[in-house]
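Colleague: Quick one, run-v2.cif (mmCIF, C-alpha atoms and all ligand atoms):
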```cif
data_run
#
loop_
_atom_site.group_PDB
_atom_site.id
_atom_site.type_symbol
_atom_site.label_atom_id
_atom_site.label_comp_id
_atom_site.auth_asym_id
_atom_site.auth_seq_id
_atom_site.Cartn_x
_atom_site.Cartn_y
_atom_site.Cartn_z
ATOM 1 C CA MET K 1 13.802 14.423 -5.284
ATOM 2 C CA GLU K 2 13.877 16.901 -2.401
ATOM 3 C CA LEU K 3 10.817 16.444 -0.158
ATOM 4 C CA GLU K 4 10.633 19.969 1.259
ATOM 5 C CA GLY K 5 7.592 21.819 -0.080
ATOM 6 C CA LYS K 6 6.486 18.939 -2.331
ATOM 7 C CA ILE K 7 2.881 17.705 -2.503
ATOM 8 C CA CYS K 8 1.892 14.100 -1.728
ATOM 9 C CA VAL K 9 -1.438 12.244 -1.859
ATOM 10 C CA LEU K 10 -1.470 9.242 0.484
ATOM 11 C CA THR K 11 -4.367 6.763 0.498
ATOM 12 C CA GLY K 12 -5.278 4.495 3.408
ATOM 13 C CA ALA K 13 -3.941 7.047 5.895
ATOM 14 C CA SER K 14 -6.535 6.689 8.674
ATOM 15 C CA SER K 15 -4.588 3.887 10.400
ATOM 16 C CA GLY K 16 -1.526 1.641 10.314
ATOM 17 C CA ILE K 17 1.227 2.087 7.749
ATOM 18 C CA GLY K 18 -0.542 4.963 5.981
ATOM 19 C CA ARG K 19 -0.946 6.977 9.167
ATOM 20 C CA THR K 20 2.698 6.424 10.160
ATOM 21 C CA ALA K 21 3.866 7.350 6.640
ATOM 22 C CA ALA K 22 1.773 10.554 6.657
ATOM 23 C CA VAL K 23 3.417 11.701 9.900
ATOM 24 C CA ASP K 24 6.842 10.733 8.551
ATOM 25 C CA LEU K 25 6.452 12.555 5.214
ATOM 26 C CA ALA K 26 5.017 15.662 6.879
ATOM 27 C CA SER K 27 7.882 15.724 9.359
ATOM 28 C CA HIS K 28 10.300 15.611 6.383
ATOM 29 C CA GLY K 29 8.717 18.693 4.821
ATOM 30 C CA MET K 30 6.083 17.316 2.442
ATOM 31 C CA THR K 31 2.573 18.728 2.295
ATOM 32 C CA VAL K 32 0.242 15.754 2.521
ATOM 33 C CA CYS K 33 -3.354 15.183 1.419
ATOM 34 C CA VAL K 34 -4.565 12.083 3.263
ATOM 35 C CA VAL K 35 -7.383 9.874 1.970
ATOM 36 C CA ALA K 36 -9.508 7.094 3.510
ATOM 37 C CA ARG K 37 -13.172 6.460 4.431
ATOM 38 C CA ARG K 38 -13.137 7.287 8.174
ATOM 39 C CA LYS K 39 -13.498 11.062 8.403
ATOM 40 C CA ASP K 40 -12.926 11.422 12.169
ATOM 41 C CA LEU K 41 -9.545 9.664 11.981
ATOM 42 C CA LEU K 42 -8.414 11.745 8.986
ATOM 43 C CA GLN K 43 -9.497 14.977 10.679
ATOM 44 C CA GLN K 44 -7.573 14.073 13.826
ATOM 45 C CA LEU K 45 -4.492 13.088 11.784
ATOM 46 C CA VAL K 46 -4.383 16.376 9.861
ATOM 47 C CA GLU K 47 -4.552 18.310 13.151
ATOM 48 C CA GLU K 48 -1.571 16.312 14.459
ATOM 49 C CA LEU K 49 0.644 16.516 11.340
ATOM 50 C CA PRO K 50 3.697 18.749 11.680
ATOM 51 C CA GLY K 51 3.865 21.700 9.248
ATOM 52 C CA ASN K 52 1.175 23.566 7.334
ATOM 53 C CA GLY K 53 -1.143 23.068 4.392
ATOM 54 C CA HIS K 54 -2.094 19.431 4.974
ATOM 55 C CA SER K 55 -5.626 18.353 4.130
ATOM 56 C CA TYR K 56 -7.862 15.304 3.913
ATOM 57 C CA VAL K 57 -10.538 13.975 1.598
ATOM 58 C CA VAL K 58 -12.939 11.201 2.564
ATOM 59 C CA ALA K 59 -13.040 8.756 -0.345
ATOM 60 C CA ASP K 60 -13.344 5.089 -1.204
ATOM 61 C CA VAL K 61 -10.583 4.346 -3.726
ATOM 62 C CA SER K 62 -12.597 1.557 -5.331
ATOM 63 C CA ASP K 63 -15.050 4.204 -6.624
ATOM 64 C CA VAL K 64 -13.411 6.140 -9.451
ATOM 65 C CA GLU K 65 -15.864 9.045 -9.091
ATOM 66 C CA GLN K 66 -14.753 9.507 -5.462
ATOM 67 C CA VAL K 67 -11.105 9.407 -6.582
ATOM 68 C CA ARG K 68 -11.925 12.149 -9.110
ATOM 69 C CA SER K 69 -13.229 14.269 -6.234
ATOM 70 C CA VAL K 70 -9.844 13.865 -4.490
ATOM 71 C CA GLU K 71 -8.118 14.978 -7.691
ATOM 72 C CA ARG K 72 -10.345 18.071 -7.974
ATOM 73 C CA HIS K 73 -9.487 18.969 -4.374
ATOM 74 C CA VAL K 74 -5.726 18.531 -4.952
ATOM 75 C CA ARG K 75 -5.779 20.503 -8.221
ATOM 76 C CA ALA K 76 -7.747 23.378 -6.649
ATOM 77 C CA THR K 77 -5.787 23.428 -3.359
ATOM 78 C CA TYR K 78 -2.199 22.760 -4.486
ATOM 79 C CA GLY K 79 -2.149 22.842 -8.303
ATOM 80 C CA SER K 80 0.562 20.156 -8.428
ATOM 81 C CA LEU K 81 1.324 16.610 -7.262
ATOM 82 C CA HIS K 82 4.824 15.183 -6.831
ATOM 83 C CA ALA K 83 4.026 11.834 -5.146
ATOM 84 C CA LEU K 84 1.000 9.543 -5.128
ATOM 85 C CA VAL K 85 1.251 6.806 -2.484
ATOM 86 C CA ASN K 86 -1.332 4.052 -3.056
ATOM 87 C CA ASN K 87 -1.492 2.355 0.325
ATOM 88 C CA ALA K 88 -5.236 1.689 0.883
ATOM 89 C CA GLY K 89 -5.846 -2.021 1.217
ATOM 90 C CA PHE K 90 -7.426 -4.794 3.237
ATOM 91 C CA THR K 91 -7.834 -8.555 3.324
ATOM 92 C CA ARG K 92 -10.920 -10.753 3.368
ATOM 93 C CA GLY K 93 -11.909 -14.208 2.338
ATOM 94 C CA GLY K 94 -9.602 -16.757 3.915
ATOM 95 C CA GLU K 95 -9.752 -20.197 2.326
ATOM 96 C CA PHE K 96 -11.105 -20.438 -1.239
ATOM 97 C CA THR K 97 -14.288 -22.511 -0.986
ATOM 98 C CA GLY K 98 -15.952 -21.923 -4.369
ATOM 99 C CA GLU K 99 -18.819 -19.547 -5.122
ATOM 100 C CA ASP K 100 -18.947 -18.467 -1.470
ATOM 101 C CA SER K 101 -15.597 -16.800 -2.045
ATOM 102 C CA LEU K 102 -16.530 -14.655 -5.047
ATOM 103 C CA ASP K 103 -17.795 -11.602 -3.150
ATOM 104 C CA ALA K 104 -14.588 -11.413 -1.123
ATOM 105 C CA VAL K 105 -12.433 -11.775 -4.262
ATOM 106 C CA ARG K 106 -14.301 -8.921 -5.985
ATOM 107 C CA ALA K 107 -14.173 -6.630 -2.938
ATOM 108 C CA VAL K 108 -10.449 -7.148 -2.333
ATOM 109 C CA ILE K 109 -9.535 -6.732 -6.024
ATOM 110 C CA GLU K 110 -11.708 -3.595 -6.309
ATOM 111 C CA THR K 111 -9.848 -1.830 -3.495
ATOM 112 C CA ASN K 112 -6.318 -3.237 -3.505
ATOM 113 C CA TYR K 113 -5.795 -3.489 -7.251
ATOM 114 C CA LEU K 114 -8.420 -1.395 -9.046
ATOM 115 C CA GLY K 115 -8.261 1.294 -6.329
ATOM 116 C CA THR K 116 -4.548 1.649 -7.082
ATOM 117 C CA VAL K 117 -5.128 1.820 -10.833
ATOM 118 C CA ASN K 118 -8.033 4.277 -10.378
ATOM 119 C CA ALA K 119 -5.785 6.706 -8.523
ATOM 120 C CA CYS K 120 -2.896 6.305 -10.998
ATOM 121 C CA ALA K 121 -5.246 7.001 -13.906
ATOM 122 C CA VAL K 122 -7.036 9.972 -12.377
ATOM 123 C CA PHE K 123 -3.866 11.677 -11.073
ATOM 124 C CA LEU K 124 -1.766 11.009 -14.180
ATOM 125 C CA PRO K 125 -2.205 14.478 -15.767
ATOM 126 C CA LEU K 126 -1.255 16.246 -12.522
ATOM 127 C CA LEU K 127 1.705 13.913 -11.910
ATOM 128 C CA GLU K 128 2.933 14.476 -15.467
ATOM 129 C CA ALA K 129 2.556 18.241 -15.199
ATOM 130 C CA SER K 130 4.578 18.133 -11.932
ATOM 131 C CA ALA K 131 7.312 15.759 -13.227
ATOM 132 C CA PRO K 132 9.691 14.445 -12.111
ATOM 133 C CA SER K 133 7.144 12.723 -9.891
ATOM 134 C CA ARG K 134 6.521 9.367 -8.231
ATOM 135 C CA ILE K 135 3.842 6.739 -7.886
ATOM 136 C CA VAL K 136 4.568 4.545 -4.849
ATOM 137 C CA ASN K 137 2.380 1.439 -4.704
ATOM 138 C CA VAL K 138 2.289 -0.440 -1.393
ATOM 139 C CA ALA K 139 2.045 -4.076 -2.526
ATOM 140 C CA SER K 140 3.218 -6.883 -0.237
ATOM 141 C CA MET K 141 5.520 -9.894 -0.122
ATOM 142 C CA ALA K 142 2.156 -11.577 -0.828
ATOM 143 C CA GLY K 143 2.533 -10.029 -4.295
ATOM 144 C CA ARG K 144 5.553 -12.292 -4.885
ATOM 145 C CA LEU K 145 4.874 -15.293 -2.636
ATOM 146 C CA ALA K 146 1.585 -17.172 -2.437
ATOM 147 C CA PHE K 147 0.536 -18.762 0.819
ATOM 148 C CA PRO K 148 -2.590 -20.607 1.988
ATOM 149 C CA ARG K 149 -6.017 -19.206 2.935
ATOM 150 C CA SER K 150 -5.347 -15.831 1.317
ATOM 151 C CA SER K 151 -6.044 -16.273 -2.402
ATOM 152 C CA ALA K 152 -8.129 -13.084 -2.829
ATOM 153 C CA TYR K 153 -5.496 -10.964 -1.111
ATOM 154 C CA VAL K 154 -2.538 -12.682 -2.793
ATOM 155 C CA ALA K 155 -4.171 -12.239 -6.229
ATOM 156 C CA SER K 156 -4.785 -8.534 -5.573
ATOM 157 C CA LYS K 157 -1.148 -7.953 -4.614
ATOM 158 C CA PHE K 158 0.255 -10.019 -7.519
ATOM 159 C CA ALA K 159 -1.909 -7.779 -9.721
ATOM 160 C CA VAL K 160 -0.486 -4.615 -8.140
ATOM 161 C CA VAL K 161 3.069 -5.902 -8.661
ATOM 162 C CA GLY K 162 2.488 -6.912 -12.294
ATOM 163 C CA TRP K 163 0.599 -3.745 -13.163
ATOM 164 C CA SER K 164 3.238 -1.517 -11.559
ATOM 165 C CA GLU K 165 6.160 -3.259 -13.254
ATOM 166 C CA SER K 166 4.507 -2.899 -16.661
ATOM 167 C CA ALA K 167 3.156 0.644 -16.167
ATOM 168 C CA ALA K 168 6.645 1.741 -15.053
ATOM 169 C CA PHE K 169 7.790 1.351 -18.683
ATOM 170 C CA ASP K 170 4.881 3.430 -19.992
ATOM 171 C CA LEU K 171 5.200 6.223 -17.441
ATOM 172 C CA SER K 172 8.983 6.619 -17.274
ATOM 173 C CA PRO K 173 9.158 8.649 -20.543
ATOM 174 C CA ARG K 174 6.523 10.967 -19.028
ATOM 175 C CA GLY K 175 8.787 11.705 -16.034
ATOM 176 C CA ILE K 176 6.889 9.510 -13.562
ATOM 177 C CA SER K 177 8.725 6.731 -11.656
ATOM 178 C CA VAL K 178 6.599 3.821 -10.460
ATOM 179 C CA CYS K 179 7.924 2.318 -7.219
ATOM 180 C CA LEU K 180 6.826 -0.810 -5.358
ATOM 181 C CA ILE K 181 7.002 -1.276 -1.588
ATOM 182 C CA GLU K 182 6.685 -4.919 -0.565
ATOM 183 C CA PRO K 183 6.261 -5.348 3.188
ATOM 184 C CA GLY K 184 6.337 -8.664 4.971
ATOM 185 C CA PRO K 185 4.124 -9.023 8.055
ATOM 186 C CA ILE K 186 3.718 -5.759 10.004
ATOM 187 C CA PRO K 187 1.331 -5.605 13.002
ATOM 188 C CA THR K 188 -1.432 -3.057 12.247
ATOM 189 C CA GLU K 189 -5.163 -2.627 12.852
ATOM 190 C CA GLY K 190 -6.125 -4.460 9.658
ATOM 191 C CA PHE K 191 -3.332 -7.048 9.852
ATOM 192 C CA PRO K 192 -2.812 -7.775 13.566
ATOM 193 C CA GLN K 193 -0.470 -10.713 12.815
ATOM 194 C CA GLU K 194 -1.607 -12.297 16.097
ATOM 195 C CA SER K 195 -0.081 -15.685 15.377
ATOM 196 C CA LEU K 196 3.348 -14.093 14.804
ATOM 197 C CA VAL K 197 3.332 -11.383 17.492
ATOM 198 C CA GLY K 198 3.011 -13.976 20.263
ATOM 199 C CA HIS K 199 5.545 -16.423 18.783
ATOM 200 C CA PRO K 200 8.966 -16.418 20.479
ATOM 201 C CA LEU K 201 10.913 -16.968 17.231
ATOM 202 C CA LEU K 202 8.661 -15.752 14.410
ATOM 203 C CA ALA K 203 8.000 -12.416 16.145
ATOM 204 C CA ARG K 204 11.562 -11.501 15.150
ATOM 205 C CA ALA K 205 10.562 -11.678 11.489
ATOM 206 C CA LEU K 206 8.081 -8.813 11.901
ATOM 207 C CA GLY K 207 8.860 -5.387 10.496
ATOM 208 C CA SER K 208 7.483 -2.151 11.931
ATOM 209 C CA GLN K 209 5.179 0.500 10.491
ATOM 210 C CA GLN K 210 8.099 2.938 10.670
ATOM 211 C CA ASP K 211 10.261 0.549 8.577
ATOM 212 C CA VAL K 212 7.632 0.762 5.819
ATOM 213 C CA ALA K 213 7.305 4.540 6.203
ATOM 214 C CA ASP K 214 11.115 4.805 5.816
ATOM 215 C CA ALA K 215 10.929 2.718 2.625
ATOM 216 C CA ILE K 216 8.110 4.872 1.219
ATOM 217 C CA ARG K 217 10.079 8.069 1.930
ATOM 218 C CA SER K 218 13.211 6.598 0.374
ATOM 219 C CA ALA K 219 11.235 5.540 -2.735
ATOM 220 C CA ILE K 220 9.906 9.087 -3.148
ATOM 221 C CA ILE K 221 13.407 10.547 -2.813
ATOM 222 C CA LYS K 222 15.253 8.046 -5.046
ATOM 223 C CA GLY K 223 12.561 6.560 -7.300
ATOM 224 C CA THR K 224 13.717 3.048 -6.284
ATOM 225 C CA PRO K 225 11.844 0.497 -8.453
ATOM 226 C CA THR K 226 11.156 -2.012 -5.697
ATOM 227 C CA ARG K 227 11.914 -2.492 -2.023
ATOM 228 C CA ALA K 228 11.134 -5.397 0.330
ATOM 229 C CA VAL K 229 10.561 -4.507 4.011
ATOM 230 C CA PRO K 230 12.535 -5.862 5.817
ATOM 231 C CA ARG K 231 15.095 -6.107 2.993
ATOM 232 C CA TRP K 232 16.078 -9.705 3.859
ATOM 233 C CA TYR K 233 12.628 -10.903 2.711
ATOM 234 C CA ARG K 234 13.688 -10.463 -0.940
ATOM 235 C CA PRO K 235 15.679 -13.755 -1.230
ATOM 236 C CA LEU K 236 12.690 -15.676 0.171
ATOM 237 C CA GLN K 237 11.338 -15.551 -3.395
ATOM 238 C CA LEU K 238 14.134 -17.806 -4.651
ATOM 239 C CA PRO K 239 12.664 -21.205 -3.646
ATOM 240 C CA ARG K 240 9.390 -20.305 -5.413
ATOM 241 C CA LEU K 241 11.261 -19.416 -8.603
ATOM 242 C CA ILE K 242 13.760 -22.259 -8.755
ATOM 243 C CA ALA K 243 12.074 -25.111 -6.853
ATOM 244 C CA PRO K 244 8.257 -24.681 -6.897
ATOM 245 C CA PRO K 245 7.457 -28.082 -5.301
ATOM 246 C CA LEU K 246 9.826 -27.315 -2.415
ATOM 247 C CA TYR K 247 8.248 -23.864 -2.050
ATOM 248 C CA ARG K 248 4.735 -25.336 -1.844
ATOM 249 C CA PHE K 249 5.842 -27.829 0.759
ATOM 250 C CA LEU K 250 7.615 -25.234 2.901
ATOM 251 C CA ALA K 251 4.959 -22.514 2.574
ATOM 252 C CA GLY K 252 2.216 -24.979 3.488
ATOM 253 C CA ARG K 253 4.125 -26.213 6.539
ATOM 254 C CA LEU K 254 5.431 -22.879 7.797
ATOM 255 C CA THR K 255 2.125 -21.006 7.484
ATOM 256 C CA ARG K 256 0.033 -23.709 9.173
ATOM 257 C CA GLY K 257 -2.281 -21.904 11.593
ATOM 258 C CA HIS K 258 -1.295 -18.470 10.251
ATOM 259 C CA THR K 259 -3.658 -16.336 8.197
ATOM 260 C CA VAL K 260 -3.754 -12.674 7.124
ATOM 261 C CA GLU K 261 -7.551 -12.831 7.168
ATOM 262 C CA ARG K 262 -9.258 -10.161 9.291
ATOM 263 C CA ASP K 263 -12.985 -10.836 8.933
HETATM 264 N N1 LIG T 1 0.372 -4.960 7.815
HETATM 265 C C1 LIG T 1 0.892 -5.893 7.041
HETATM 266 O O1 LIG T 1 1.314 -6.976 7.481
HETATM 267 C C2 LIG T 1 1.025 -5.607 5.561
HETATM 268 C C3 LIG T 1 1.939 -6.383 4.831
HETATM 269 C C4 LIG T 1 2.066 -6.142 3.473
HETATM 270 C C5 LIG T 1 1.316 -5.159 2.863
HETATM 271 N N2 LIG T 1 0.435 -4.423 3.594
HETATM 272 C C6 LIG T 1 -0.355 -3.403 2.903
HETATM 273 O O2 LIG T 1 -0.170 -2.165 3.539
HETATM 274 C C7 LIG T 1 -1.307 -1.338 3.280
HETATM 275 C C8 LIG T 1 -1.757 -0.692 4.578
HETATM 276 O O3 LIG T 1 -2.250 -1.702 5.452
HETATM 277 P P1 LIG T 1 -2.095 -1.631 7.038
HETATM 278 O O4 LIG T 1 -1.367 -2.857 7.438
HETATM 279 O O5 LIG T 1 -1.578 -0.330 7.467
HETATM 280 O O6 LIG T 1 -3.623 -1.866 7.467
HETATM 281 P P2 LIG T 1 -4.699 -0.893 8.133
HETATM 282 O O7 LIG T 1 -4.184 -0.327 9.407
HETATM 283 O O8 LIG T 1 -5.970 -1.670 8.172
HETATM 284 O O9 LIG T 1 -4.813 0.286 7.087
HETATM 285 C C9 LIG T 1 -5.537 0.171 5.884
HETATM 286 C C10 LIG T 1 -5.931 1.552 5.425
HETATM 287 O O10 LIG T 1 -6.585 1.447 4.158
HETATM 288 C C11 LIG T 1 -7.798 2.203 4.216
HETATM 289 N N3 LIG T 1 -8.754 1.633 3.273
HETATM 290 C C12 LIG T 1 -9.183 0.347 3.192
HETATM 291 N N4 LIG T 1 -10.055 0.213 2.188
HETATM 292 C C13 LIG T 1 -10.169 1.449 1.597
HETATM 293 C C14 LIG T 1 -10.916 1.960 0.506
HETATM 294 N N5 LIG T 1 -11.744 1.176 -0.222
HETATM 295 N N6 LIG T 1 -10.782 3.260 0.185
HETATM 296 C C15 LIG T 1 -9.971 4.074 0.909
HETATM 297 N N7 LIG T 1 -9.231 3.658 1.937
HETATM 298 C C16 LIG T 1 -9.342 2.349 2.286
HETATM 299 C C17 LIG T 1 -8.251 2.117 5.678
HETATM 300 O O11 LIG T 1 -9.012 3.247 6.055
HETATM 301 P P3 LIG T 1 -10.621 3.353 6.119
HETATM 302 O O12 LIG T 1 -11.119 2.084 6.716
HETATM 303 O O13 LIG T 1 -10.806 4.572 6.980
HETATM 304 O O14 LIG T 1 -11.042 3.578 4.708
HETATM 305 C C18 LIG T 1 -6.887 2.230 6.373
HETATM 306 O O15 LIG T 1 -6.508 3.584 6.493
HETATM 307 C C19 LIG T 1 -2.357 -2.247 2.620
HETATM 308 O O16 LIG T 1 -2.350 -2.048 1.229
HETATM 309 C C20 LIG T 1 -1.859 -3.646 2.943
HETATM 310 O O17 LIG T 1 -2.277 -4.599 2.008
HETATM 311 C C21 LIG T 1 0.276 -4.633 4.934
#
```
Would you write out, as structure tokens, the structure that this file holds?
Ligand SMILES: NC(=O)c1ccc[n+]([C@@H]2O[C@H](COP(=O)([O-])OP(=O)(O)OC[C@H]3O[C@@H](n4cnc5c(N)ncnc54)[C@H](OP(=O)(O)O)[C@@H]3O)[C@@H](O)[C@H]2O)c1
Modeller:
Amino acid sequence: MELEGKICVLTGASSGIGRTAAVDLASHGMTVCVVARRKDLLQQLVEELPGNGHSYVVADVSDVEQVRSVERHVRATYGSLHALVNNAGFTRGGEFTGEDSLDAVRAVIETNYLGTVNACAVFLPLLEASAPSRIVNVASMAGRLAFPRSSAYVASKFAVVGWSESAAFDLSPRGISVCLIEPGPIPTEGFPQESLVGHPLLARALGSQQDVADAIRSAIIKGTPTRAVPRWYRPLQLPRLIAPPLYRFLAGRLTRGHTVERD
């Protein structure tokens, strides 16, 4: 798909990967409608985006009624939608400790997983009317590999991966490609990756926000089913698939002291 003149909705664009991807897509000719909860950051972003016609809507993706208001805005303003990038997400919860953990599990699932499905459902008619079109879901390597003290987040990303891989079959005949982006650790506001950034060796394993933005752009252009960022993370899934006890041993040892938890 050519990007020039095409319309994109991008969630979670007020910071981090989403913000970088919005700038990247706009600078490659797309018209972008950015979505998140922090109005001031969205306003500032739209003023900075290269090109014309960009807009923002303040919305919480976990609330389907708020997602419908984004859809009404996009339909009235642009009348078409060629790419929906579901990037909004966060982590909370840390170690699973029983009933104390249930609120965090619900909150993370409601945004990371159900927020993604909400947007796919609400925008489906517009995406189908604009086909060929793309849904690009920003999952994570944590959607393929479990690691300690992150069960709410890992579950939400496994759900995004499973849902996307199944929905891809349903939506392909309707002209909509479903693409998965699976980043490894990337330093951002919500995922500072402090324990890796300061590590002399492990810091080399970090990808950048621009690496993920490149992968998102490439997925919109080519409809690539799935893409790990960096690419060399993909074979890390092998030990989990072929030698689960070895994977548990290694993941437990290597992630000692590391957590993706923010609050
Ligand atoms: N950084 C990493 O290491 C990494 C690795 C793999 C996958 N990812 C995924 O990449 C995506 C972007 O994360 P990031 O690293 O760029 O973190 P970030 O800087 O914290 O960005 C998260 C974005 O999501 C938005 N958001 C959160 N909850 C929302 C909700 N309920 N409704 C609407 N927007 C919401 C936030 O904006 P508001 O607070 O303004 O709403 C923000 O714009 C997430 O899905 C994350 O799981 C990140």
Colleague: Just how far from atom CA of K:Asp63 is atom CA of K:Leu124, in Å to one decimal?
Modeller: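 It comes out at 16.7 Å.
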Colleague: Within 10 Å of (7.3, 12.4, 12.3) (file coordinates; all atoms listed in the file), which protein or nucleic acid residues are there? I'd like them as a list of chain:residue names.
Modeller: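 The residues that fall inside the cut-off are K:Thr20, K:Ala21, K:Ala22, K:Val23, K:Asp24, K:Leu25, K:Ala26, K:Ser27, K:His28, K:Gly29, K:Glu48, K:Leu49, K:Pro50, K:Gln210, K:Ala213.
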Colleague: For the residues selected in the previous step, produce a file with C-alpha atoms as a tab-separated table (two decimals), keeping the file's coordinate frame.
Modeller:
```tsv
chain	number	residue	atom	x	y	z
K	20	THR	CA	2.70	6.42	10.16
K	21	ALA	CA	3.87	7.35	6.64
K	22	ALA	CA	1.77	10.55	6.66
K	23	VAL	CA	3.42	11.70	9.90
K	24	ASP	CA	6.84	10.73	8.55
K	25	LEU	CA	6.45	12.56	5.21
K	26	ALA	CA	5.02	15.66	6.88
K	27	SER	CA	7.88	15.72	9.36
K	28	HIS	CA	10.30	15.61	6.38
K	29	GLY	CA	8.72	18.69	4.82
K	48	GLU	CA	-1.57	16.31	14.46
K	49	LEU	CA	0.64	16.52	11.34
K	50	PRO	CA	3.70	18.75	11.68
K	210	GLN	CA	8.10	2.94	10.67
K	213	ALA	CA	7.30	4.54	6.20
```
Colleague: Just checking: using all atoms listed in the file, which residue out of K:Arg37, K:Lys6, K:His73, K:Arg149 ends up closest to ligand LIG 1 (chain T)?
Modeller: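 Between K:Arg37, K:Lys6, K:His73, K:Arg149, the residue approaching ligand LIG 1 (chain T) most closely is K:Arg37.
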Colleague: Ligand LIG 1 (chain T): which residues are within 8 Å, counting all atoms listed in the file? Reply as a PyMOL selection string.
Modeller: chain K and resi 11-19+35-39+41-42+58-63+86-91+110-112+115+138-142+153+157+182-193+209+260
Colleague: Report, as JSON, the axis-aligned box around all atoms of stretch 156-169 of chain K present in the file, extended by 3 Å on each side; give centre and edge lengths in Å to one decimal place.
Modeller:
```
{"center_x": 1.5, "center_y": -4.1, "center_z": -11.6, "size_x": 18.6, "size_y": 17.8, "size_z": 20.1}
```
Colleague: Using the chain letters and residue numbers of this document, give as a list in words the residues selected by the PyMOL selection byres (((chain K and resi 9) around 10) and not hetatm).
Modeller: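 Those residues are Ile7, Cys8, Leu10, Thr11, Ala13, Ala22, Thr31, Val32, Cys33, Val34, Val35, His54, Ser55, Tyr56, Val57, Val70, Glu71, Val74, Leu81, His82, Ala83, Leu84, Val85, Asn86, Ala119, Phe123 and Ile135 of chain K.
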